[in-house]
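Source file start_36.cif; content: mmCIF, C-alpha atoms.
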data_upload
#
loop_
_atom_site.label_atom_id
_atom_site.label_comp_id
_atom_site.auth_asym_id
_atom_site.auth_seq_id
_atom_site.Cartn_x
_atom_site.Cartn_y
_atom_site.Cartn_z
CA MET A 1 94.33 75.33 111.12
CA THR A 2 94.59 78.91 112.37
CA THR A 3 93.00 79.84 115.68
CA PHE A 4 92.95 83.24 117.35
CA ALA A 5 94.05 84.43 120.76
CA GLN A 6 91.54 86.62 122.52
CA ILE A 7 92.89 89.76 124.16
CA PRO A 8 90.61 92.22 126.00
CA MET A 9 90.21 95.47 124.06
CA GLN A 10 88.68 98.83 124.87
CA SER A 11 88.65 102.23 123.23
CA VAL A 12 89.92 105.02 125.46
CA GLY A 13 89.80 108.79 125.24
CA PRO A 14 88.61 111.19 124.10
CA PHE A 15 91.80 112.43 122.42
CA LYS A 16 92.29 115.83 120.87
CA LEU A 17 95.23 116.12 118.45
CA ILE A 18 96.60 119.20 116.73
CA GLY A 19 99.55 119.78 114.42
CA ASP A 20 100.14 117.24 111.66
CA VAL A 21 96.89 115.46 112.63
CA GLU A 22 93.69 117.33 113.54
CA THR A 23 91.17 115.33 115.57
CA ASP A 24 88.66 115.97 118.32
CA ASP A 25 86.98 113.43 120.59
CA LEU A 26 88.92 110.55 119.02
CA MET A 27 88.57 107.20 120.79
CA VAL A 28 91.67 104.98 120.56
CA PRO A 29 91.46 101.16 120.75
CA MET A 30 93.97 99.32 122.91
CA ALA A 31 94.22 95.53 123.41
CA THR A 32 95.87 94.47 126.67
CA TYR A 33 95.67 92.14 129.63
CA GLU A 34 96.84 95.00 131.87
CA THR A 35 93.40 96.47 132.50
CA PRO A 36 94.58 99.51 134.54
CA LEU A 37 96.17 100.77 131.32
CA TRP A 38 92.81 101.84 129.89
CA PRO A 39 91.78 104.28 132.64
CA SER A 40 95.35 105.53 132.96
CA VAL A 41 95.65 106.44 129.28
CA ALA A 42 92.10 107.83 129.37
CA ARG A 43 93.11 110.14 132.24
CA GLY A 44 96.04 111.45 130.23
CA ALA A 45 93.79 111.92 127.19
CA ARG A 46 91.18 113.74 129.25
CA VAL A 47 93.53 116.26 130.83
CA THR A 48 95.33 117.01 127.55
CA HIS A 49 91.95 117.45 125.83
CA HIS A 50 90.97 120.07 128.42
CA ALA A 51 94.36 121.74 127.88
CA GLY A 52 93.78 122.17 124.13
CA GLY A 53 95.17 118.89 122.83
CA ILE A 54 98.40 117.14 121.97
CA ARG A 55 100.53 118.59 119.20
CA VAL A 56 101.90 115.79 117.01
CA THR A 57 104.72 116.31 114.51
CA VAL A 58 106.19 113.71 112.16
CA MET A 59 109.89 114.49 111.96
CA ASP A 60 110.89 111.68 109.59
CA ASP A 61 109.58 108.55 107.88
CA ARG A 62 111.84 105.73 106.62
CA MET A 63 112.20 101.95 106.81
CA THR A 64 115.54 100.19 106.56
CA ARG A 65 117.18 96.93 105.61
CA SER A 66 120.92 96.40 105.91
CA VAL A 67 122.54 93.83 103.66
CA LEU A 68 125.94 92.31 104.43
CA LEU A 69 128.54 91.77 101.73
CA GLU A 70 132.20 90.78 101.86
CA ALA A 71 135.09 92.37 99.96
CA PRO A 72 138.63 90.98 99.52
CA ASN A 73 139.92 93.77 101.77
CA ALA A 74 139.03 97.19 103.18
CA GLN A 75 140.53 99.08 100.24
CA VAL A 76 138.19 97.34 97.82
CA ALA A 77 135.31 98.00 100.22
CA ARG A 78 136.14 101.72 100.30
CA ALA A 79 136.45 101.99 96.53
CA THR A 80 133.14 100.17 96.06
CA LEU A 81 131.32 102.49 98.44
CA GLN A 82 132.77 105.62 96.83
CA HIS A 83 131.56 104.42 93.45
CA LEU A 84 128.19 103.27 94.76
CA GLN A 85 127.25 106.54 96.43
CA ALA A 86 127.07 108.23 93.03
CA ARG A 87 124.66 105.65 91.58
CA HIS A 88 121.42 106.50 93.36
CA ALA A 89 119.39 106.55 90.15
CA ASP A 90 120.67 103.11 89.15
CA LEU A 91 119.82 101.72 92.57
CA GLN A 92 116.32 103.21 92.49
CA ALA A 93 115.73 101.64 89.09
CA VAL A 94 116.43 98.24 90.63
CA VAL A 95 114.24 99.02 93.65
CA SER A 96 111.35 100.00 91.38
CA GLN A 97 111.31 96.46 90.00
CA SER A 98 110.28 95.21 93.45
CA SER A 99 107.55 97.73 94.35
CA ARG A 100 105.94 100.87 92.96
CA PHE A 101 105.82 102.32 96.49
CA ALA A 102 109.41 101.72 97.63
CA GLN A 103 111.57 104.83 97.25
CA LEU A 104 115.25 104.69 98.11
CA LEU A 105 116.17 107.66 100.31
CA ALA A 106 119.75 107.01 101.33
CA ILE A 107 122.50 104.46 101.97
CA ASN A 108 124.41 104.43 105.24
CA PRO A 109 127.43 102.11 105.06
CA GLN A 110 129.73 100.71 107.71
CA VAL A 111 132.94 98.77 107.02
CA VAL A 112 134.37 96.33 109.56
CA GLY A 113 137.53 94.67 108.27
CA ASN A 114 136.51 93.42 104.84
CA LEU A 115 132.79 93.35 105.68
CA ILE A 116 130.44 95.91 104.10
CA TYR A 117 127.21 96.71 105.95
CA LEU A 118 124.87 98.63 103.64
CA ARG A 119 121.89 100.16 105.43
CA PHE A 120 119.34 100.99 102.73
CA GLU A 121 116.66 103.50 103.79
CA PHE A 122 113.30 103.62 102.00
CA GLN A 123 109.93 105.28 102.10
CA THR A 124 107.26 102.58 101.91
CA GLY A 125 103.90 104.33 101.56
CA ASP A 126 101.22 103.14 103.98
CA ALA A 127 102.92 99.82 104.68
CA SER A 128 105.17 99.44 107.71
CA GLY A 129 107.62 98.18 105.10
CA HIS A 130 109.27 95.09 106.58
CA ASN A 131 108.64 92.91 103.57
CA MET A 132 108.89 95.74 101.06
CA VAL A 133 112.43 96.70 102.03
CA THR A 134 113.52 93.08 102.23
CA HIS A 135 112.13 92.47 98.75
CA ALA A 136 113.96 95.55 97.48
CA ALA A 137 117.19 94.38 99.11
CA ASP A 138 116.70 90.95 97.56
CA ARG A 139 116.69 92.64 94.14
CA LEU A 140 119.63 94.90 94.97
CA ILE A 141 122.00 92.15 96.09
CA PRO A 142 122.32 90.25 92.76
CA TRP A 143 122.63 93.59 90.97
CA LEU A 144 125.45 94.65 93.31
CA LEU A 145 127.26 91.33 92.92
CA ALA A 146 127.00 91.64 89.13
CA GLN A 147 128.24 95.23 89.15
CA TYR A 148 131.03 94.53 91.64
CA PRO A 149 132.08 90.88 91.06
CA GLU A 150 134.85 91.07 93.65
CA LEU A 151 132.18 91.13 96.37
CA ASN A 152 130.52 88.09 97.96
CA TYR A 153 127.12 87.62 99.56
CA VAL A 154 126.94 87.12 103.35
CA SER A 155 123.36 87.92 104.44
CA ILE A 156 120.15 89.67 103.40
CA SER A 157 120.21 91.23 106.89
CA GLY A 158 123.37 92.26 108.70
CA ASN A 159 121.75 93.52 111.96
CA TYR A 160 122.59 97.12 111.08
CA CYS A 161 118.90 97.64 110.15
CA THR A 162 118.14 97.31 113.19
CA ASP A 163 115.00 95.15 113.38
CA LYS A 164 113.35 94.25 116.73
CA LYS A 165 116.51 94.80 118.74
CA VAL A 166 117.65 97.61 121.02
CA SER A 167 120.25 99.77 119.27
CA ALA A 168 121.55 103.32 119.07
CA VAL A 169 121.51 103.50 115.28
CA ASN A 170 117.73 103.58 114.91
CA GLY A 171 117.39 106.57 117.19
CA ILE A 172 120.21 108.38 115.40
CA LEU A 173 119.39 107.58 111.76
CA GLY A 174 115.71 106.70 112.15
CA ARG A 175 113.64 103.61 111.43
CA GLY A 176 109.90 103.90 110.93
CA LYS A 177 108.15 107.13 111.87
CA ASN A 178 109.91 109.67 114.08
CA VAL A 179 107.09 111.39 115.98
CA VAL A 180 107.23 114.17 118.58
CA CYS A 181 104.16 114.66 120.82
CA GLU A 182 103.79 117.75 123.04
CA THR A 183 101.28 119.28 125.39
CA THR A 184 101.19 122.15 127.85
CA LEU A 185 99.00 121.70 130.92
CA PRO A 186 97.93 124.64 133.05
CA ARG A 187 98.78 124.19 136.71
CA LYS A 188 95.12 123.97 137.75
CA LEU A 189 94.51 121.07 135.36
CA CYS A 190 97.52 119.20 136.75
CA GLN A 191 96.09 119.56 140.22
CA ARG A 192 92.50 118.76 139.22
CA PHE A 193 93.02 115.74 136.95
CA LEU A 194 96.47 114.41 137.89
CA LYS A 195 96.50 115.26 141.62
CA THR A 196 100.02 116.65 141.35
CA THR A 197 101.97 119.77 140.42
CA PRO A 198 104.21 120.72 137.48
CA GLU A 199 107.17 120.90 139.86
CA ALA A 200 106.59 117.40 141.25
CA LEU A 201 106.24 115.90 137.78
CA THR A 202 109.36 117.64 136.50
CA ASP A 203 111.39 116.56 139.53
CA LEU A 204 110.28 112.94 139.14
CA HIS A 205 111.06 113.01 135.42
CA ILE A 206 114.63 114.13 136.13
CA LYS A 207 115.24 111.61 138.87
CA LYS A 208 113.38 108.65 137.31
CA ASP A 209 113.31 109.03 133.50
CA LEU A 210 116.72 110.65 133.13
CA ILE A 211 118.97 109.67 136.01
CA GLY A 212 117.25 106.33 136.56
CA SER A 213 117.73 105.41 132.91
CA ILE A 214 121.42 106.34 133.14
CA VAL A 215 121.87 104.23 136.26
CA SER A 216 120.16 101.26 134.60
CA GLY A 217 122.24 101.56 131.44
CA GLY A 218 119.25 102.39 129.25
CA LEU A 219 120.11 102.99 125.59
CA ARG A 220 118.54 106.10 124.01
CA THR A 221 115.54 105.78 126.29
CA ALA A 222 114.10 107.95 129.06
CA ASN A 223 110.52 106.99 129.71
CA ALA A 224 108.32 105.24 132.26
CA HIS A 225 106.45 102.56 130.29
CA VAL A 226 105.99 103.51 126.63
CA ALA A 227 106.08 99.81 125.70
CA ASN A 228 102.76 99.30 127.50
CA MET A 229 100.85 101.75 125.32
CA LEU A 230 102.56 100.72 122.11
CA LEU A 231 101.82 97.04 122.63
CA GLY A 232 98.14 97.70 123.33
CA PHE A 233 97.92 99.97 120.29
CA TYR A 234 99.89 97.62 118.01
CA LEU A 235 97.75 94.60 118.87
CA ALA A 236 94.54 96.57 118.28
CA THR A 237 95.65 97.86 114.88
CA GLY A 238 97.29 94.76 113.38
CA GLN A 239 100.93 95.75 113.77
CA ASP A 240 103.97 93.49 114.23
CA ALA A 241 104.01 93.66 118.02
CA ALA A 242 107.71 92.73 118.29
CA ASN A 243 108.52 96.23 117.03
CA ILE A 244 107.80 97.61 120.49
CA VAL A 245 111.41 96.62 121.24
CA GLU A 246 112.79 99.56 119.28
CA GLY A 247 109.55 101.56 119.46
CA SER A 248 109.79 101.88 123.23
CA GLN A 249 113.15 103.66 122.96
CA ALA A 250 111.32 106.91 123.62
CA ILE A 251 112.45 110.04 125.41
CA ASN A 252 110.29 112.25 127.63
CA HIS A 253 111.12 115.92 128.09
CA VAL A 254 109.37 117.72 130.95
CA GLU A 255 109.73 121.22 132.33
CA VAL A 256 107.89 123.97 134.18
CA THR A 257 107.09 126.90 131.88
CA PRO A 258 107.83 130.51 132.88
CA GLU A 259 104.09 130.83 133.59
CA GLY A 260 104.23 127.94 136.05
CA ASP A 261 102.47 125.42 133.80
CA LEU A 262 103.67 121.97 132.72
CA TYR A 263 105.31 121.30 129.34
CA PHE A 264 105.34 117.55 128.65
CA SER A 265 106.60 115.83 125.53
CA THR A 266 107.31 112.28 124.36
CA THR A 267 109.59 111.73 121.36
CA LEU A 268 109.36 108.36 119.61
CA PRO A 269 111.99 108.02 116.85
CA ASN A 270 111.26 104.39 115.95
CA LEU A 271 107.50 103.94 115.45
CA ILE A 272 107.04 101.13 112.94
CA VAL A 273 103.38 101.06 111.92
CA GLY A 274 101.35 100.63 108.75
CA THR A 275 97.73 100.63 107.61
CA VAL A 276 98.09 98.07 104.82
CA GLY A 277 99.85 94.73 104.60
CA ASN A 278 99.96 91.58 106.69
CA GLY A 279 97.59 91.60 109.68
CA LYS A 280 95.43 94.46 108.41
CA GLY A 281 92.80 92.26 106.76
CA LEU A 282 91.23 91.08 110.02
CA ASP A 283 87.75 92.48 110.58
CA PHE A 284 88.46 93.99 114.00
CA VAL A 285 91.65 95.62 112.69
CA GLN A 286 89.80 97.21 109.78
CA THR A 287 87.12 98.46 112.18
CA ASN A 288 89.74 100.01 114.43
CA LEU A 289 91.66 101.61 111.56
CA GLN A 290 88.41 103.12 110.27
CA GLN A 291 87.61 104.41 113.75
CA LEU A 292 91.01 106.14 113.80
CA GLY A 293 90.49 107.67 110.35
CA CYS A 294 93.38 105.72 108.86
CA THR A 295 91.64 104.14 105.86
CA ASP A 296 91.24 107.22 103.68
CA HIS A 297 91.54 105.93 100.11
CA GLU A 298 91.86 109.49 98.79
CA ALA A 299 94.90 110.26 100.96
CA GLN A 300 98.40 110.57 99.55
CA PRO A 301 100.59 107.44 99.89
CA GLY A 302 101.92 107.27 103.43
CA ASP A 303 99.46 109.74 104.97
CA ASN A 304 97.29 107.06 106.60
CA ALA A 305 100.33 105.39 108.18
CA ARG A 306 101.73 108.71 109.38
CA ARG A 307 98.37 109.55 110.95
CA LEU A 308 98.39 106.17 112.69
CA ALA A 309 101.90 106.85 114.03
CA CYS A 310 100.80 110.21 115.41
CA ILE A 311 97.90 108.59 117.27
CA ALA A 312 100.20 105.87 118.61
CA GLY A 313 102.60 108.53 119.88
CA ALA A 314 99.81 110.54 121.50
CA SER A 315 98.59 107.38 123.26
CA ALA A 316 102.10 106.83 124.60
CA LEU A 317 102.30 110.40 125.88
CA CYS A 318 98.98 110.07 127.73
CA GLY A 319 100.08 106.87 129.45
CA GLU A 320 103.41 108.41 130.40
CA LEU A 321 101.81 111.53 131.82
CA SER A 322 99.28 109.60 133.87
CA LEU A 323 101.73 107.06 135.30
CA LEU A 324 104.34 109.65 136.25
CA ALA A 325 101.64 111.73 137.95
CA ALA A 326 100.52 108.68 139.92
CA GLN A 327 104.08 107.98 141.01
CA THR A 328 104.45 111.45 142.52
CA ASN A 329 101.87 110.33 145.12
CA PRO A 330 102.97 107.51 147.48
CA GLY A 331 100.70 104.48 147.28
CA GLU A 332 98.53 105.67 144.37
CA LEU A 333 99.97 103.34 141.73
CA MET A 334 99.52 100.10 143.66
CA ALA A 335 96.12 101.11 145.01
CA ALA A 336 94.88 101.72 141.46
CA HIS A 337 96.23 98.37 140.24
CA ILE A 338 94.63 96.45 143.11
CA LYS A 339 91.28 98.16 142.66
CA LEU A 340 91.09 97.94 138.88
CA GLU A 341 92.53 94.45 138.43
CA ARG A 342 90.25 93.00 141.10
CA GLN A 343 87.27 94.59 139.36
CA ALA A 344 88.36 93.08 136.04
CA SER A 345 88.80 89.59 137.47
CA SER A 346 85.52 89.54 139.41
#
As structure tokens, what does this structure read like?
Amino acid sequence: MTTFAQIPMQSVGPFKLIGDVETDDLMVPMATYETPLWPSVARGARVTHHAGGIRVTVMDDRMTRSVLLEAPNAQVARATLQHLQARHADLQAVVSQSSRFAQLLAINPQVVGNLIYLRFEFQTGDASGHNMVTHAADRLIPWLLAQYPELNYVSISGNYCTDKKVSAVNGILGRGKNVVCETTLPRKLCQRFLKTTPEALTDLHIKKDLIGSIVSGGLRTANAHVANMLLGFYLATGQDAANIVEGSQAINHVEVTPEGDLYFSTTLPNLIVGTVGNGKGLDFVQTNLQQLGCTDHEAQPGDNARRLACIAGASALCGELSLLAAQTNPGELMAAHIKLERQASS
């Protein structure tokens, strides 16, 4: 018997997006127990809306699965990889037997001793692609072992994917949607809505996001709390919430423009989201996806999922902007939490 956990959910905004996604007055659902998150993200959405919006750009889109095979020695491993790199069409023919949407983009190999880690990279349409790439890899492995009988099977996943773990490789090679979100806030809007200045925000970003992340040993991450926004967004839209592990490896970039305004960006290289597949059939998920404009049946394959990723990234930026602004003012963060959480519990 399946039962359901209830998580409080609200729509926040309004958001204005420009660039790869054009929206105005978009309300974004977020499911969370951390009730101060809603007004915080809403504040970021409000100030960026007044500033003309958030520019969202999808830099890349790929899902990966790394299989692990074993060769007799490294020389055989090298020869196999040299031969394999020229057989893209053969590999795609095998992949096509598993799904009409899976498209093999590239193979990134690593050899350790006699072990061969093959990181297959695919486009997966509007699905996040976890199962699709695993299914494709499951077809590729017996084909590889038949073509190269000196190899042996070790695992369908060799941890070079990398799935739901912190790693450098995902940020470098990409896994999911790589989205850049940017906004420029005039100084007067910073002071009016965020109660701070471009200089104070930039200084805090350097000392907290950048230096603080170095001191803590953060890996390809320089942000305040991107995981908060992603989790709320993922739960509201039927995503695999464990993917916030790699999704939260986001990097903020903040600076004062020559005109004295604030440039603020959040880059998220590992956004793993989809609009079809497991979890998307729930009524509330379908309602939320429709609200976000991510159920367009006339769209090209992948466009709905890329739109969803852009909205997720914009939500993250708004939460980052609002929290960092609050932290430039002593006492503001805790005062807001006490006030809002007591209201929610009463």
Checklist entry - Restricting the calculation to only C-alpha atoms, which member of A:Leu292, A:Leu282, A:Leu204, A:Gln191 is positioned closest to Val47 of chain A? => result A:Gln191
Next on the checklist: Evaluate the PyMOL selection byres ((chain A and resi 21-26) around 10) against this structure - the residues, as an MDAnalysis selection string, please.
Outcome noted: chainID A and resid 11:20 27:29 45:46 49 52:58 291:293 303 306:308 310:311
Checklist entry - In Å to one decimal, how far is atom CA of Phe233 of chain A from atom CA of Glu332 of chain A? => result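 Those two atoms sit 24.8 Å apart.
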Checklist entry - If you count all atoms listed in the file, which residues fall within 8 Å of Gln239 of chain A, apart from same-chain ones fewer than 2 positions away, as an NGL selection string? => result :A and (234-237 or 241 or 273-274 or 279-280)
Checklist entry - Any chance you could work out the residue set of the PyMOL selection byres ((chain A and resi 93-95) around 10) here, as a list in words? => result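 Evaluating the PyMOL selection byres ((chain A and resi 93-95) around 10) on these coordinates yields His88, Ala89, Asp90, Leu91, Gln92, Ser96, Gln97, Ser98, Ser99, Arg100, Phe101, Ala102, Gln103, Leu104, Phe122, Met132, Val133, His135, Ala136, Ala137, Asp138, Arg139, Leu140, Ile141 and Trp143 of chain A.
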Item to check | Residue nearest Val180 of chain A among A:Arg119, A:Lys208, A:Lys195, A:His253 (counting all atoms listed in the file) | outcome: A:His253
Checklist entry - Quick one: which residues end up in the PyMOL selection byres ((chain A and resi 74) around 8) for this structure, as a VMD selection string? => result chain A and resid 71 to 73 75 to 78 111 to 115
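Shortest atom-to-atom contact with Asn270 of chain A among A:Cys294, A:Ile206, A:Leu185, A:Ile172: A:Ile172, counting all atoms listed in the file.
Proximity ranking of A:Phe4, A:Tyr153, A:Tyr160, A:Tyr263 relative to Gln110 of chain A places A:Tyr160 first, based on only C-alpha atoms.
Look at segment 314-316 of chain A: the protein and nucleic acid residues within 7 Å of it, using only C-alpha atoms and passing over chain neighbours fewer than 6 places away, are Val41, Ile54, Cys181, Val226, Met229 and Leu230 of chain A.
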Checklist entry - How many Å separate atom CA of Lys177 of chain A from atom CA of Asn278 of chain A? => result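 Computing it gives 18.3 Å between the two atoms.
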Item to check | Which of A:Thr221, A:Ser248, A:Ser213, A:Asn228 sits closest to Thr32 of chain A [using all atoms listed in the file] | outcome: A:Asn228
Item to check | One-decimal distance in Å that lies between atom CA of Pro109 of chain A and atom CA of Ala86 of chain A | outcome: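 About the pair atom CA of Ala86 of chain A and atom CA of Pro109 of chain A: they are 13.5 Å apart.
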Item to check | Distance criterion (all atoms listed in the file): nearest to Pro186 of chain A out of A:Asp261, A:Glu121, A:Asp240, A:Glu70 | outcome: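 Ranked by minimum distance to Pro186 of chain A, first place goes to A:Asp261.
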Checklist entry - Within 10 Å of (93.5, 96.6, 135.9), only C-alpha atoms: residues as a PyMOL selection string? => result chain A and resi 32-40+336-345
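Within 7 Å of the point (102.6, 100.6, 104.3) in file coordinates, and counting all atoms listed in the file, lie the residues Thr124, Gly125, Asp126, Ala127, Ser128, Gly129, Gly274, Thr275, Val276, Gly277, Gly302 and Ala305 of chain A.
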Please, what is the axis-aligned box for every listed atom of segment 296-313 of chain A with 3 Å on each side, as centre and edge lengths in Å to one decimal, as lines of an AutoDock Vina configuration file?
center_x = 96.9
center_y = 108.0
center_z = 109.3
size_x = 17.4
size_y = 11.2
size_z = 27.1
Item to check | Selection: 7 Å around Glu199 of chain A, only C-alpha atoms, excl. self and same-chain fewer than 3 positions, as a VMD selection string | outcome: chain A and resid 202 to 203 256
When you look at Asn178 of chain A with a cut-off of 9 Å (counting all atoms listed in the file), what residues show up, excluding the ones that are within fewer than 3 positions of it in the same chain? I need them as a PDB file with C-alpha atoms, in the frame of the given file.
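File produced: part-v1.pdb:
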ATOM      1  CA  THR A  57     104.720 116.310 114.510  1.00  0.00           C
ATOM      2  CA  VAL A  58     106.190 113.710 112.160  1.00  0.00           C
ATOM      3  CA  MET A  59     109.890 114.490 111.960  1.00  0.00           C
ATOM      4  CA  ASP A  60     110.890 111.680 109.590  1.00  0.00           C
ATOM      5  CA  ASP A  61     109.580 108.550 107.880  1.00  0.00           C
ATOM      6  CA  ARG A  62     111.840 105.730 106.620  1.00  0.00           C
ATOM      7  CA  GLY A 171     117.390 106.570 117.190  1.00  0.00           C
ATOM      8  CA  GLY A 174     115.710 106.700 112.150  1.00  0.00           C
ATOM      9  CA  ARG A 175     113.640 103.610 111.430  1.00  0.00           C
ATOM     10  CA  THR A 267     109.590 111.730 121.360  1.00  0.00           C
ATOM     11  CA  LEU A 268     109.360 108.360 119.610  1.00  0.00           C
ATOM     12  CA  PRO A 269     111.990 108.020 116.850  1.00  0.00           C
ATOM     13  CA  ASN A 270     111.260 104.390 115.950  1.00  0.00           C
ATOM     14  CA  LEU A 271     107.500 103.940 115.450  1.00  0.00           C
ATOM     15  CA  ALA A 309     101.900 106.850 114.030  1.00  0.00           C
TER      16      ALA A 309
END
